[in-house]
Structures are given as structure tokens and as C-alpha cells.
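S.K.: See work04.cif below, with mmCIF, N, CA and C atoms.
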```cif
data_final
#
loop_
_atom_site.label_atom_id
_atom_site.label_comp_id
_atom_site.auth_asym_id
_atom_site.auth_seq_id
_atom_site.Cartn_x
_atom_site.Cartn_y
_atom_site.Cartn_z
N MET R 952 -30.30 24.55 25.33
CA MET R 952 -29.37 23.48 25.06
C MET R 952 -29.09 22.78 26.39
N ASP R 953 -29.20 21.47 26.42
CA ASP R 953 -28.98 20.76 27.69
C ASP R 953 -27.49 20.54 27.94
N THR R 954 -27.16 20.24 29.20
CA THR R 954 -25.76 20.09 29.59
C THR R 954 -25.09 18.91 28.89
N GLY R 955 -25.84 17.89 28.53
CA GLY R 955 -25.27 16.74 27.82
C GLY R 955 -24.70 17.15 26.48
N LYS R 956 -25.44 17.98 25.75
CA LYS R 956 -24.95 18.46 24.45
C LYS R 956 -23.73 19.35 24.62
N ILE R 957 -23.75 20.18 25.65
CA ILE R 957 -22.61 21.06 25.90
C ILE R 957 -21.37 20.23 26.22
N LYS R 958 -21.53 19.20 27.06
CA LYS R 958 -20.40 18.32 27.39
C LYS R 958 -19.89 17.60 26.15
N GLU R 959 -20.78 17.20 25.26
CA GLU R 959 -20.39 16.53 24.02
C GLU R 959 -19.60 17.48 23.12
N ILE R 960 -20.05 18.73 23.02
CA ILE R 960 -19.35 19.73 22.22
C ILE R 960 -17.95 19.95 22.78
N ILE R 961 -17.84 20.06 24.09
CA ILE R 961 -16.54 20.27 24.73
C ILE R 961 -15.63 19.07 24.48
N SER R 962 -16.17 17.88 24.60
CA SER R 962 -15.38 16.66 24.36
C SER R 962 -14.85 16.60 22.94
N ILE R 963 -15.71 16.91 21.97
CA ILE R 963 -15.29 16.91 20.56
C ILE R 963 -14.21 17.97 20.34
N PHE R 964 -14.40 19.14 20.95
CA PHE R 964 -13.42 20.22 20.82
C PHE R 964 -12.07 19.81 21.40
N GLU R 965 -12.08 19.19 22.58
CA GLU R 965 -10.83 18.79 23.23
C GLU R 965 -10.06 17.77 22.40
N GLN R 966 -10.77 16.92 21.66
CA GLN R 966 -10.12 15.88 20.86
C GLN R 966 -9.72 16.39 19.47
N SER R 967 -10.12 17.59 19.15
CA SER R 967 -9.83 18.14 17.82
C SER R 967 -8.51 18.89 17.81
N ALA R 968 -8.09 19.26 16.61
CA ALA R 968 -6.87 20.05 16.45
C ALA R 968 -7.16 21.55 16.54
N LEU R 969 -8.41 21.90 16.76
CA LEU R 969 -8.78 23.31 16.86
C LEU R 969 -8.19 23.93 18.12
N ASN R 970 -7.78 25.18 18.05
CA ASN R 970 -7.27 25.89 19.22
C ASN R 970 -8.33 26.75 19.87
N SER R 971 -9.33 27.16 19.08
CA SER R 971 -10.42 27.94 19.64
C SER R 971 -11.68 27.70 18.82
N MET R 972 -12.81 27.92 19.45
CA MET R 972 -14.09 27.70 18.79
C MET R 972 -15.12 28.59 19.47
N GLU R 973 -16.05 29.12 18.69
CA GLU R 973 -17.12 29.94 19.23
C GLU R 973 -18.43 29.40 18.67
N LEU R 974 -19.41 29.20 19.54
CA LEU R 974 -20.70 28.65 19.15
C LEU R 974 -21.79 29.52 19.76
N GLU R 975 -22.76 29.89 18.93
CA GLU R 975 -23.85 30.72 19.41
C GLU R 975 -25.15 30.09 18.96
N ALA R 976 -26.05 29.80 19.89
CA ALA R 976 -27.35 29.23 19.58
C ALA R 976 -28.38 29.87 20.50
N ASP R 977 -29.39 30.46 19.91
CA ASP R 977 -30.44 31.15 20.66
C ASP R 977 -29.82 32.17 21.61
N ASP R 978 -30.02 31.99 22.92
CA ASP R 978 -29.49 32.95 23.89
C ASP R 978 -28.24 32.43 24.59
N LEU R 979 -27.62 31.39 24.03
CA LEU R 979 -26.42 30.79 24.62
C LEU R 979 -25.22 31.03 23.72
N LYS R 980 -24.12 31.46 24.31
CA LYS R 980 -22.89 31.66 23.54
C LYS R 980 -21.77 30.94 24.28
N ILE R 981 -21.06 30.05 23.56
CA ILE R 981 -19.96 29.29 24.15
C ILE R 981 -18.70 29.63 23.38
N THR R 982 -17.64 29.96 24.10
CA THR R 982 -16.34 30.21 23.50
C THR R 982 -15.36 29.25 24.16
N LEU R 983 -14.67 28.44 23.35
CA LEU R 983 -13.71 27.47 23.86
C LEU R 983 -12.33 27.79 23.31
N GLN R 984 -11.32 27.73 24.17
CA GLN R 984 -9.93 27.93 23.76
C GLN R 984 -9.07 26.94 24.52
N LYS R 985 -8.05 26.41 23.85
CA LYS R 985 -7.12 25.50 24.52
C LYS R 985 -5.95 26.29 25.08
N ASN R 986 -5.49 25.89 26.28
CA ASN R 986 -4.36 26.51 26.97
C ASN R 986 -4.53 28.01 27.15
N ALA R 987 -5.75 28.43 27.35
CA ALA R 987 -6.02 29.83 27.63
C ALA R 987 -7.08 29.87 28.72
N PRO R 988 -7.03 30.85 29.59
CA PRO R 988 -8.05 30.91 30.63
C PRO R 988 -9.43 31.10 30.02
N VAL R 989 -10.38 30.33 30.51
CA VAL R 989 -11.77 30.42 30.06
C VAL R 989 -12.60 30.66 31.31
N LEU R 990 -13.55 31.54 31.25
CA LEU R 990 -14.35 31.86 32.42
C LEU R 990 -15.51 30.89 32.53
N ASN R 991 -15.71 30.36 33.74
CA ASN R 991 -16.86 29.48 33.98
C ASN R 991 -18.03 30.33 34.48
N ALA R 992 -19.09 29.69 34.92
CA ALA R 992 -20.29 30.41 35.33
C ALA R 992 -20.02 31.37 36.50
N LYS R 993 -18.99 31.10 37.31
CA LYS R 993 -18.67 31.96 38.44
C LYS R 993 -17.61 32.99 38.08
N ASN R 994 -17.30 33.10 36.78
CA ASN R 994 -16.29 34.03 36.28
C ASN R 994 -14.91 33.77 36.89
N GLU R 995 -14.61 32.51 37.17
CA GLU R 995 -13.29 32.12 37.64
C GLU R 995 -12.55 31.47 36.49
N PRO R 996 -11.23 31.70 36.37
CA PRO R 996 -10.50 31.08 35.26
C PRO R 996 -10.45 29.55 35.40
N VAL R 997 -10.62 28.89 34.28
CA VAL R 997 -10.50 27.44 34.20
C VAL R 997 -9.46 27.18 33.13
N TYR R 998 -8.48 26.32 33.41
CA TYR R 998 -7.41 26.06 32.45
C TYR R 998 -7.57 24.67 31.86
N VAL R 999 -7.43 24.59 30.54
CA VAL R 999 -7.51 23.32 29.84
C VAL R 999 -6.15 22.65 29.97
N SER R 1000 -6.13 21.38 30.39
CA SER R 1000 -4.86 20.72 30.67
C SER R 1000 -4.16 20.18 29.43
N GLU R 1001 -4.87 20.04 28.32
CA GLU R 1001 -4.26 19.49 27.11
C GLU R 1001 -3.32 20.51 26.49
N PRO R 1002 -2.07 20.11 26.23
CA PRO R 1002 -1.14 21.07 25.63
C PRO R 1002 -1.52 21.39 24.19
N LEU R 1003 -1.12 22.57 23.76
CA LEU R 1003 -1.37 22.94 22.37
C LEU R 1003 -0.61 22.02 21.45
N LYS R 1004 -1.24 21.59 20.39
CA LYS R 1004 -0.59 20.74 19.41
C LYS R 1004 -0.04 21.62 18.31
N GLU R 1005 1.21 21.40 17.97
CA GLU R 1005 1.81 22.14 16.87
C GLU R 1005 1.33 21.52 15.57
N VAL R 1006 0.78 22.33 14.71
CA VAL R 1006 0.32 21.85 13.42
C VAL R 1006 1.33 22.32 12.39
N ALA R 1007 2.03 21.37 11.82
CA ALA R 1007 3.06 21.71 10.83
C ALA R 1007 2.38 22.01 9.51
N GLU R 1008 2.72 23.15 8.97
CA GLU R 1008 2.20 23.52 7.66
C GLU R 1008 3.02 22.79 6.60
N GLU R 1009 2.37 21.88 5.91
CA GLU R 1009 3.06 21.16 4.86
C GLU R 1009 2.85 21.88 3.54
N THR R 1010 3.87 21.93 2.74
CA THR R 1010 3.74 22.52 1.42
C THR R 1010 3.69 21.39 0.42
N PRO R 1011 2.47 20.98 0.04
CA PRO R 1011 2.37 19.87 -0.89
C PRO R 1011 2.85 20.28 -2.28
N ALA R 1012 3.23 19.28 -3.04
CA ALA R 1012 3.61 19.54 -4.43
C ALA R 1012 2.42 20.20 -5.11
N ALA R 1013 2.69 21.10 -5.99
CA ALA R 1013 1.62 21.85 -6.64
C ALA R 1013 0.67 20.92 -7.38
N VAL R 1014 -0.57 20.88 -6.92
CA VAL R 1014 -1.60 20.10 -7.59
C VAL R 1014 -2.50 21.10 -8.28
N LEU R 1015 -2.62 20.98 -9.57
CA LEU R 1015 -3.41 21.93 -10.32
C LEU R 1015 -4.89 21.60 -10.17
N GLY R 1016 -5.66 22.61 -9.84
CA GLY R 1016 -7.09 22.43 -9.71
C GLY R 1016 -7.67 23.43 -8.74
N GLU R 1017 -8.95 23.28 -8.49
CA GLU R 1017 -9.68 24.17 -7.60
C GLU R 1017 -9.90 23.48 -6.26
N ALA R 1018 -9.61 24.19 -5.19
CA ALA R 1018 -9.79 23.63 -3.85
C ALA R 1018 -11.27 23.68 -3.47
N VAL R 1019 -11.75 22.59 -2.90
CA VAL R 1019 -13.09 22.55 -2.32
C VAL R 1019 -12.87 22.84 -0.84
N ARG R 1020 -13.50 23.89 -0.34
CA ARG R 1020 -13.28 24.33 1.03
C ARG R 1020 -14.50 24.04 1.90
N SER R 1021 -14.24 23.83 3.18
CA SER R 1021 -15.32 23.56 4.13
C SER R 1021 -16.12 24.83 4.39
N PRO R 1022 -17.44 24.76 4.26
CA PRO R 1022 -18.26 25.94 4.52
C PRO R 1022 -18.58 26.12 6.02
N LEU R 1023 -18.14 25.16 6.85
CA LEU R 1023 -18.43 25.24 8.27
C LEU R 1023 -17.45 24.40 9.07
N VAL R 1024 -17.48 24.53 10.39
CA VAL R 1024 -16.67 23.73 11.30
C VAL R 1024 -17.45 22.46 11.60
N GLY R 1025 -16.79 21.32 11.55
CA GLY R 1025 -17.48 20.08 11.85
C GLY R 1025 -16.59 18.88 11.61
N THR R 1026 -17.22 17.70 11.56
CA THR R 1026 -16.51 16.44 11.35
C THR R 1026 -16.69 16.01 9.90
N PHE R 1027 -15.58 15.72 9.23
CA PHE R 1027 -15.57 15.31 7.83
C PHE R 1027 -15.87 13.81 7.73
N TYR R 1028 -16.82 13.46 6.87
CA TYR R 1028 -17.10 12.05 6.58
C TYR R 1028 -17.01 11.85 5.08
N ALA R 1029 -16.24 10.85 4.68
CA ALA R 1029 -16.04 10.55 3.26
C ALA R 1029 -17.17 9.71 2.69
N ALA R 1030 -17.97 9.08 3.56
CA ALA R 1030 -19.05 8.21 3.12
C ALA R 1030 -20.30 8.47 3.95
N ALA R 1031 -21.43 7.94 3.48
CA ALA R 1031 -22.70 8.14 4.17
C ALA R 1031 -22.77 7.36 5.48
N SER R 1032 -22.05 6.24 5.57
CA SER R 1032 -22.00 5.46 6.80
C SER R 1032 -20.67 4.73 6.86
N GLU R 1033 -20.40 4.10 7.99
CA GLU R 1033 -19.13 3.39 8.15
C GLU R 1033 -18.97 2.24 7.16
N THR R 1034 -20.09 1.65 6.74
CA THR R 1034 -20.04 0.50 5.84
C THR R 1034 -20.21 0.88 4.38
N SER R 1035 -20.48 2.14 4.10
CA SER R 1035 -20.67 2.60 2.72
C SER R 1035 -19.34 2.93 2.05
N LYS R 1036 -19.35 2.89 0.71
CA LYS R 1036 -18.20 3.33 -0.08
C LYS R 1036 -18.07 4.84 0.05
N PRO R 1037 -16.84 5.36 -0.01
CA PRO R 1037 -16.68 6.82 0.00
C PRO R 1037 -17.38 7.43 -1.22
N PHE R 1038 -17.88 8.66 -1.05
CA PHE R 1038 -18.52 9.35 -2.16
C PHE R 1038 -17.55 9.51 -3.32
N VAL R 1039 -16.31 9.90 -3.01
CA VAL R 1039 -15.28 10.08 -4.04
C VAL R 1039 -13.95 9.58 -3.52
N GLU R 1040 -13.06 9.25 -4.45
CA GLU R 1040 -11.68 8.89 -4.14
C GLU R 1040 -10.81 9.64 -5.14
N VAL R 1041 -9.50 9.64 -4.91
CA VAL R 1041 -8.60 10.27 -5.86
C VAL R 1041 -8.78 9.57 -7.21
N GLY R 1042 -8.97 10.36 -8.26
CA GLY R 1042 -9.19 9.81 -9.59
C GLY R 1042 -10.64 9.73 -10.00
N THR R 1043 -11.58 9.94 -9.07
CA THR R 1043 -13.00 9.90 -9.38
C THR R 1043 -13.39 11.11 -10.23
N THR R 1044 -14.14 10.87 -11.30
CA THR R 1044 -14.65 11.97 -12.12
C THR R 1044 -16.00 12.40 -11.54
N VAL R 1045 -16.15 13.70 -11.29
CA VAL R 1045 -17.39 14.23 -10.72
C VAL R 1045 -17.98 15.28 -11.64
N LYS R 1046 -19.30 15.44 -11.51
CA LYS R 1046 -20.00 16.52 -12.22
C LYS R 1046 -20.36 17.59 -11.20
N GLU R 1047 -20.51 18.81 -11.67
CA GLU R 1047 -20.92 19.89 -10.79
C GLU R 1047 -22.19 19.48 -10.06
N GLY R 1048 -22.20 19.62 -8.73
CA GLY R 1048 -23.36 19.29 -7.92
C GLY R 1048 -23.31 17.91 -7.29
N ASP R 1049 -22.37 17.03 -7.73
CA ASP R 1049 -22.24 15.70 -7.12
C ASP R 1049 -21.84 15.85 -5.65
N ILE R 1050 -22.27 14.91 -4.81
CA ILE R 1050 -21.90 14.92 -3.40
C ILE R 1050 -20.45 14.45 -3.28
N LEU R 1051 -19.64 15.24 -2.59
CA LEU R 1051 -18.23 14.91 -2.39
C LEU R 1051 -17.98 14.30 -1.01
N CYS R 1052 -18.69 14.81 -0.01
CA CYS R 1052 -18.50 14.36 1.37
C CYS R 1052 -19.64 14.92 2.22
N ILE R 1053 -19.56 14.61 3.50
CA ILE R 1053 -20.53 15.13 4.48
C ILE R 1053 -19.73 15.77 5.60
N ILE R 1054 -20.22 16.90 6.08
CA ILE R 1054 -19.64 17.51 7.28
C ILE R 1054 -20.76 17.58 8.32
N GLU R 1055 -20.48 16.93 9.45
CA GLU R 1055 -21.45 16.91 10.54
C GLU R 1055 -21.15 18.06 11.49
N ALA R 1056 -22.17 18.85 11.75
CA ALA R 1056 -22.06 19.95 12.71
C ALA R 1056 -23.31 19.95 13.56
N MET R 1057 -23.14 19.82 14.85
CA MET R 1057 -24.27 19.83 15.79
C MET R 1057 -25.31 18.76 15.42
N LYS R 1058 -24.83 17.57 15.09
CA LYS R 1058 -25.66 16.42 14.75
C LYS R 1058 -26.46 16.61 13.46
N VAL R 1059 -26.09 17.61 12.66
CA VAL R 1059 -26.73 17.83 11.36
C VAL R 1059 -25.72 17.44 10.29
N MET R 1060 -26.16 16.57 9.37
CA MET R 1060 -25.29 16.12 8.29
C MET R 1060 -25.46 17.06 7.10
N ASN R 1061 -24.36 17.72 6.72
CA ASN R 1061 -24.37 18.70 5.63
C ASN R 1061 -23.61 18.13 4.44
N GLU R 1062 -24.32 17.92 3.33
CA GLU R 1062 -23.67 17.41 2.12
C GLU R 1062 -22.86 18.53 1.49
N ILE R 1063 -21.65 18.20 1.07
CA ILE R 1063 -20.80 19.16 0.37
C ILE R 1063 -20.79 18.72 -1.10
N HIS R 1064 -21.17 19.63 -1.99
CA HIS R 1064 -21.32 19.33 -3.41
C HIS R 1064 -20.15 19.88 -4.22
N ALA R 1065 -19.88 19.23 -5.34
CA ALA R 1065 -18.80 19.67 -6.24
C ALA R 1065 -19.15 21.03 -6.84
N PRO R 1066 -18.24 22.00 -6.73
CA PRO R 1066 -18.50 23.32 -7.29
C PRO R 1066 -18.35 23.35 -8.81
N LYS R 1067 -17.68 22.32 -9.35
CA LYS R 1067 -17.48 22.25 -10.80
C LYS R 1067 -17.24 20.79 -11.18
N SER R 1068 -17.30 20.51 -12.45
CA SER R 1068 -17.01 19.17 -12.95
C SER R 1068 -15.50 19.00 -13.06
N GLY R 1069 -15.04 17.76 -12.91
CA GLY R 1069 -13.61 17.49 -13.02
C GLY R 1069 -13.25 16.17 -12.39
N VAL R 1070 -11.97 16.03 -12.06
CA VAL R 1070 -11.44 14.81 -11.47
C VAL R 1070 -10.88 15.15 -10.09
N ILE R 1071 -11.14 14.29 -9.11
CA ILE R 1071 -10.59 14.49 -7.77
C ILE R 1071 -9.10 14.21 -7.84
N LYS R 1072 -8.29 15.26 -7.65
CA LYS R 1072 -6.84 15.15 -7.75
C LYS R 1072 -6.21 14.78 -6.41
N GLU R 1073 -6.80 15.30 -5.33
CA GLU R 1073 -6.23 15.07 -4.01
C GLU R 1073 -7.31 15.25 -2.95
N ILE R 1074 -7.29 14.39 -1.93
CA ILE R 1074 -8.18 14.54 -0.77
C ILE R 1074 -7.26 14.89 0.40
N LEU R 1075 -7.49 16.04 1.00
CA LEU R 1075 -6.56 16.61 1.97
C LEU R 1075 -6.89 16.29 3.43
N VAL R 1076 -8.05 15.69 3.69
CA VAL R 1076 -8.44 15.34 5.06
C VAL R 1076 -8.85 13.87 5.10
N HIS R 1077 -8.90 13.32 6.29
CA HIS R 1077 -9.24 11.92 6.48
C HIS R 1077 -10.64 11.79 7.10
N ASP R 1078 -11.25 10.65 6.87
CA ASP R 1078 -12.56 10.37 7.43
C ASP R 1078 -12.52 10.52 8.95
N GLY R 1079 -13.46 11.29 9.50
CA GLY R 1079 -13.54 11.49 10.94
C GLY R 1079 -12.75 12.70 11.44
N ASP R 1080 -11.99 13.36 10.57
CA ASP R 1080 -11.22 14.54 10.98
C ASP R 1080 -12.15 15.71 11.27
N MET R 1081 -11.76 16.52 12.26
CA MET R 1081 -12.43 17.80 12.50
C MET R 1081 -11.88 18.77 11.48
N VAL R 1082 -12.77 19.50 10.82
CA VAL R 1082 -12.34 20.50 9.84
C VAL R 1082 -12.81 21.88 10.29
N GLN R 1083 -12.06 22.87 9.90
CA GLN R 1083 -12.38 24.24 10.25
C GLN R 1083 -13.04 24.94 9.07
N PHE R 1084 -13.67 26.05 9.35
CA PHE R 1084 -14.27 26.86 8.30
C PHE R 1084 -13.20 27.25 7.30
N ASP R 1085 -13.49 27.10 6.02
CA ASP R 1085 -12.63 27.49 4.91
C ASP R 1085 -11.38 26.61 4.75
N GLU R 1086 -11.32 25.49 5.47
CA GLU R 1086 -10.19 24.56 5.32
C GLU R 1086 -10.34 23.81 4.00
N GLU R 1087 -9.24 23.60 3.30
CA GLU R 1087 -9.28 22.85 2.04
C GLU R 1087 -9.56 21.39 2.32
N LEU R 1088 -10.56 20.85 1.64
CA LEU R 1088 -10.94 19.44 1.82
C LEU R 1088 -10.35 18.57 0.72
N MET R 1089 -10.46 19.05 -0.50
CA MET R 1089 -9.96 18.29 -1.67
C MET R 1089 -9.73 19.23 -2.84
N ILE R 1090 -9.04 18.69 -3.85
CA ILE R 1090 -8.73 19.46 -5.06
C ILE R 1090 -9.42 18.79 -6.25
N ILE R 1091 -10.15 19.60 -7.02
CA ILE R 1091 -10.79 19.11 -8.25
C ILE R 1091 -10.05 19.75 -9.42
N GLY R 1092 -9.55 18.91 -10.32
CA GLY R 1092 -8.82 19.41 -11.49
C GLY R 1092 -9.44 18.87 -12.76
N GLU R 1093 -8.75 19.13 -13.85
CA GLU R 1093 -9.23 18.67 -15.17
C GLU R 1093 -8.73 17.28 -15.47
#
```
Represent the structure of the file as C-alpha cells.
M.R.:
Amino acid sequence: MDTGKIKEIISIFEQSALNSMELEADDLKITLQKNAPVLNAKNEPVYVSEPLKEVAEETPAAVLGEAVRSPLVGTFYAAASETSKPFVEVGTTVKEGDILCIIEAMKVMNEIHAPKSGVIKEILVHDGDMVQFDEELMIIGE
């Protein structure tokens, strides 16, 4: 992995709401944490200057349905491109297997498909948001 890609990963991580991230590819392992000492190549502590962001847990009104969860860490995209219509919006009827969104991870676009047929009741993330593994993306109901 070249240093440009590593710098890009660090930049994306710093701008995200994530507090820690671990990435392993071939013989390289990167662990990133905010506001915690991280060891550089010389095993000296390096401190991230960005303060931890408090993420308020909101308790949304009970929306009946099944949560579609992110299978990986990456960037959520509601549409195929900036000029395209979103794959789904609140109120859209979907069939099992329909594309709901894309999650980009390491420059790979991963389509997220509907686990069941139903209606999109709620979309819990915004276009361009960083999402974590198992984070709820949207709710599909009857």
C-alpha cells in the first residue's frame, strides 16, 4: 500500500465520527484512534489534535420494521453518482434484493441490497456520511 493511500485513509478517518479504526491488508496493519496515543514507525507516541466528538444517542420514535445494517465500515452513498436520483427515499416500495445504497470502502463500491420486500420507513444516515460496521442505515417496514 503506498503512502498516498495511507494518508487518504487517515484523512477520511480524521473527518469521520469514528473514534477508532483498524485496517489490515496483506502484511500491513493500521490502527487509528482519536485522542489516544498511537505509535509511529519509531514507536514514539503521536497524539491526534482533534477533540473527541460527543455523539448523542437519540431515541427515535418507534418505527416498526426491520433495520438494514451496514456490513462494513465506509462512506454511505444514497445514489450511484452526485447527479443521479437516490436509489430509495422514505416511502419507496422495494423488493427483496433491490439496491438500497452504496457503501464505499477502500475505493470499492459495495451495493447494499434489501433483505426483504417492504416500504422504506426511515433513512437514518445522510449521503456522504461515514458509517460503522453494523450501524443502522434504514428501516424497511410493511
S.K.: Report as an mmCIF file with N, CA and C atoms, keeping the file's coordinate frame: the residues of stretch 1029-1067 of chain R with a DSSP assignment of strand (DSSP E), based on the backbone of this structure.
M.R.:
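Output saved as states_29.cif:
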```cif
data_model
loop_
_atom_site.group_PDB
_atom_site.id
_atom_site.type_symbol
_atom_site.label_atom_id
_atom_site.label_comp_id
_atom_site.auth_asym_id
_atom_site.auth_seq_id
_atom_site.Cartn_x
_atom_site.Cartn_y
_atom_site.Cartn_z
ATOM 1 N N THR R 1044 -14.140 10.870 -11.300
ATOM 2 C CA THR R 1044 -14.650 11.970 -12.120
ATOM 3 C C THR R 1044 -16.000 12.400 -11.540
ATOM 4 N N VAL R 1045 -16.150 13.700 -11.290
ATOM 5 C CA VAL R 1045 -17.390 14.230 -10.720
ATOM 6 C C VAL R 1045 -17.980 15.280 -11.640
ATOM 7 N N ILE R 1050 -22.270 14.910 -4.810
ATOM 8 C CA ILE R 1050 -21.900 14.920 -3.400
ATOM 9 C C ILE R 1050 -20.450 14.450 -3.280
ATOM 10 N N LEU R 1051 -19.640 15.240 -2.590
ATOM 11 C CA LEU R 1051 -18.230 14.910 -2.390
ATOM 12 C C LEU R 1051 -17.980 14.300 -1.010
ATOM 13 N N CYS R 1052 -18.690 14.810 -0.010
ATOM 14 C CA CYS R 1052 -18.500 14.360 1.370
ATOM 15 C C CYS R 1052 -19.640 14.920 2.220
ATOM 16 N N ILE R 1053 -19.560 14.610 3.500
ATOM 17 C CA ILE R 1053 -20.530 15.130 4.480
ATOM 18 C C ILE R 1053 -19.730 15.770 5.600
ATOM 19 N N ILE R 1054 -20.220 16.900 6.080
ATOM 20 C CA ILE R 1054 -19.640 17.510 7.280
ATOM 21 C C ILE R 1054 -20.760 17.580 8.320
ATOM 22 N N GLU R 1055 -20.480 16.930 9.450
ATOM 23 C CA GLU R 1055 -21.450 16.910 10.540
ATOM 24 C C GLU R 1055 -21.150 18.060 11.490
ATOM 25 N N ALA R 1056 -22.170 18.850 11.750
ATOM 26 C CA ALA R 1056 -22.060 19.950 12.710
ATOM 27 C C ALA R 1056 -23.310 19.950 13.560
ATOM 28 N N VAL R 1059 -26.090 17.610 12.660
ATOM 29 C CA VAL R 1059 -26.730 17.830 11.360
ATOM 30 C C VAL R 1059 -25.720 17.440 10.290
ATOM 31 N N MET R 1060 -26.160 16.570 9.370
ATOM 32 C CA MET R 1060 -25.290 16.120 8.290
ATOM 33 C C MET R 1060 -25.460 17.060 7.100
ATOM 34 N N ASN R 1061 -24.360 17.720 6.720
ATOM 35 C CA ASN R 1061 -24.370 18.700 5.630
ATOM 36 C C ASN R 1061 -23.610 18.130 4.440
ATOM 37 N N GLU R 1062 -24.320 17.920 3.330
ATOM 38 C CA GLU R 1062 -23.670 17.410 2.120
ATOM 39 C C GLU R 1062 -22.860 18.530 1.490
ATOM 40 N N ILE R 1063 -21.650 18.200 1.070
ATOM 41 C CA ILE R 1063 -20.800 19.160 0.370
ATOM 42 C C ILE R 1063 -20.790 18.720 -1.100
ATOM 43 N N HIS R 1064 -21.170 19.630 -1.990
ATOM 44 C CA HIS R 1064 -21.320 19.330 -3.410
ATOM 45 C C HIS R 1064 -20.150 19.880 -4.220
#
```
S.K.: Using the chain letters and numbers from this file, what does the PyMOL selection byres ((chain R and resi 1026-1032) around 6) select? Give the answer as a list in words.
M.R.: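 Evaluating the PyMOL selection byres ((chain R and resi 1026-1032) around 6) on this file yields Val1024, Gly1025, Glu1033, Thr1034, Ser1035, Lys1036, Pro1037, Phe1038, Val1039, Leu1051, Cys1052, Ile1053, Ile1054, Glu1055, Ala1056, His1077, Asp1078, Gly1079, Asp1080, Met1081 and Val1082 of chain R.
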S.K.: Between atom C of R:Arg1020 and atom N of R:Leu969, what is the spacing in Å?
M.R.: 16.2 Å
S.K.: Would you work out the distance separating atom CA of R:Gln966 from atom CA of R:Val1019, expressed in Å to one decimal?
M.R.: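 Atom CA of R:Val1019 lies 24.3 Å from atom CA of R:Gln966.
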S.K.: Here is a test: counting all atoms listed in the file, which residue of R:Gly955, R:Gly1016, R:Gly1092, R:Gly1069 is nearest to R:Thr1044?
M.R.: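 Closest to R:Thr1044, using all atoms listed in the file: R:Gly1069.
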S.K.: Using all atoms listed in the file, which residues sit within 6.5 Å of R:Met972 once same-chain residues fewer than 5 positions away are excluded, as a ChimeraX atom specification?
M.R.: /R:981-984
S.K.: Please provide as a ChimeraX atom specification all residues within 6.5 Å of R:Met1089, with the sequence filter that same-chain residues fewer than 4 positions apart are discarded (counting only N, CA and C atoms).
M.R.: /R:1017-1020,1072-1076
S.K.: Written as a list in words, what is the full residue list that the PyMOL selection byres (((chain R and resi 1067 and name CA) around 8) and name CA) yields on the file shown?
M.R.: Lys1046, Glu1047, Gly1048, Ala1065, Pro1066, Ser1068, Gly1069 and Ile1091 of chain R
S.K.: Using Å and a single decimal, report how far atom C of R:Leu1015 sits from atom C of R:Thr1043.
M.R.: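 It comes out at 13.5 Å.
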S.K.: Find the spatial neighbours of R:Pro1022, counting only C-alpha atoms, within a cut-off of 9 Å - ignore same-chain residues fewer than 3 positions away - and output them as a PyMOL selection string.
M.R.: chain R and resi 1054+1063+1083-1086
S.K.: Mind working out the centre and edge lengths of an axis-aligned box for stretch 1038-1051 of chain R, all listed atoms inside, 6 Å added to each side, rounded to one decimal in Å and written as AutoDock Vina command-line options?
M.R.:
```
--center_x -16.0 --center_y 14.3 --center_z -6.6 --size_x 26.8 --size_y 23.2 --size_z 23.2
```
S.K.: Residues at most 12 Å from R:Leu979, counting only C-alpha atoms, excluding those fewer than 5 positions away in the same chain, as a ChimeraX atom specification?
M.R.: /R:952-954,957,973-974
S.K.: Of the residues R:Glu1093, R:Asp978, R:Val1070, R:Lys956, which is the one nearest to R:Glu1040, using only C-alpha atoms?
M.R.: R:Val1070
S.K.: Restore N, CA, C and O atoms in stretch 1080-1089 of chain R and list the result as an mmCIF file, in the coordinates of the input.
M.R.:
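Output file selection-v3.cif is given in full below:
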```cif
data_model
loop_
_atom_site.group_PDB
_atom_site.id
_atom_site.type_symbol
_atom_site.label_atom_id
_atom_site.label_comp_id
_atom_site.auth_asym_id
_atom_site.auth_seq_id
_atom_site.Cartn_x
_atom_site.Cartn_y
_atom_site.Cartn_z
ATOM 1 N N ASP R 1080 -11.990 13.360 10.570
ATOM 2 C CA ASP R 1080 -11.220 14.540 10.980
ATOM 3 C C ASP R 1080 -12.150 15.710 11.270
ATOM 4 O O ASP R 1080 -13.160 15.900 10.600
ATOM 5 N N MET R 1081 -11.760 16.520 12.260
ATOM 6 C CA MET R 1081 -12.430 17.800 12.500
ATOM 7 C C MET R 1081 -11.880 18.770 11.480
ATOM 8 O O MET R 1081 -10.671 18.841 11.274
ATOM 9 N N VAL R 1082 -12.770 19.500 10.820
ATOM 10 C CA VAL R 1082 -12.340 20.500 9.840
ATOM 11 C C VAL R 1082 -12.810 21.880 10.290
ATOM 12 O O VAL R 1082 -13.818 22.004 10.975
ATOM 13 N N GLN R 1083 -12.060 22.870 9.900
ATOM 14 C CA GLN R 1083 -12.380 24.240 10.250
ATOM 15 C C GLN R 1083 -13.040 24.940 9.070
ATOM 16 O O GLN R 1083 -12.939 24.478 7.937
ATOM 17 N N PHE R 1084 -13.670 26.050 9.350
ATOM 18 C CA PHE R 1084 -14.270 26.860 8.300
ATOM 19 C C PHE R 1084 -13.200 27.250 7.300
ATOM 20 O O PHE R 1084 -12.107 27.660 7.670
ATOM 21 N N ASP R 1085 -13.490 27.100 6.020
ATOM 22 C CA ASP R 1085 -12.630 27.490 4.910
ATOM 23 C C ASP R 1085 -11.380 26.610 4.750
ATOM 24 O O ASP R 1085 -10.495 26.920 3.989
ATOM 25 N N GLU R 1086 -11.320 25.490 5.470
ATOM 26 C CA GLU R 1086 -10.190 24.560 5.320
ATOM 27 C C GLU R 1086 -10.340 23.810 4.000
ATOM 28 O O GLU R 1086 -11.451 23.427 3.616
ATOM 29 N N GLU R 1087 -9.240 23.600 3.300
ATOM 30 C CA GLU R 1087 -9.280 22.850 2.040
ATOM 31 C C GLU R 1087 -9.560 21.390 2.320
ATOM 32 O O GLU R 1087 -8.877 20.768 3.141
ATOM 33 N N LEU R 1088 -10.560 20.850 1.640
ATOM 34 C CA LEU R 1088 -10.940 19.440 1.820
ATOM 35 C C LEU R 1088 -10.350 18.570 0.720
ATOM 36 O O LEU R 1088 -9.857 17.479 0.968
ATOM 37 N N MET R 1089 -10.460 19.050 -0.500
ATOM 38 C CA MET R 1089 -9.960 18.290 -1.670
ATOM 39 C C MET R 1089 -9.730 19.230 -2.840
ATOM 40 O O MET R 1089 -10.152 20.372 -2.802
#
```
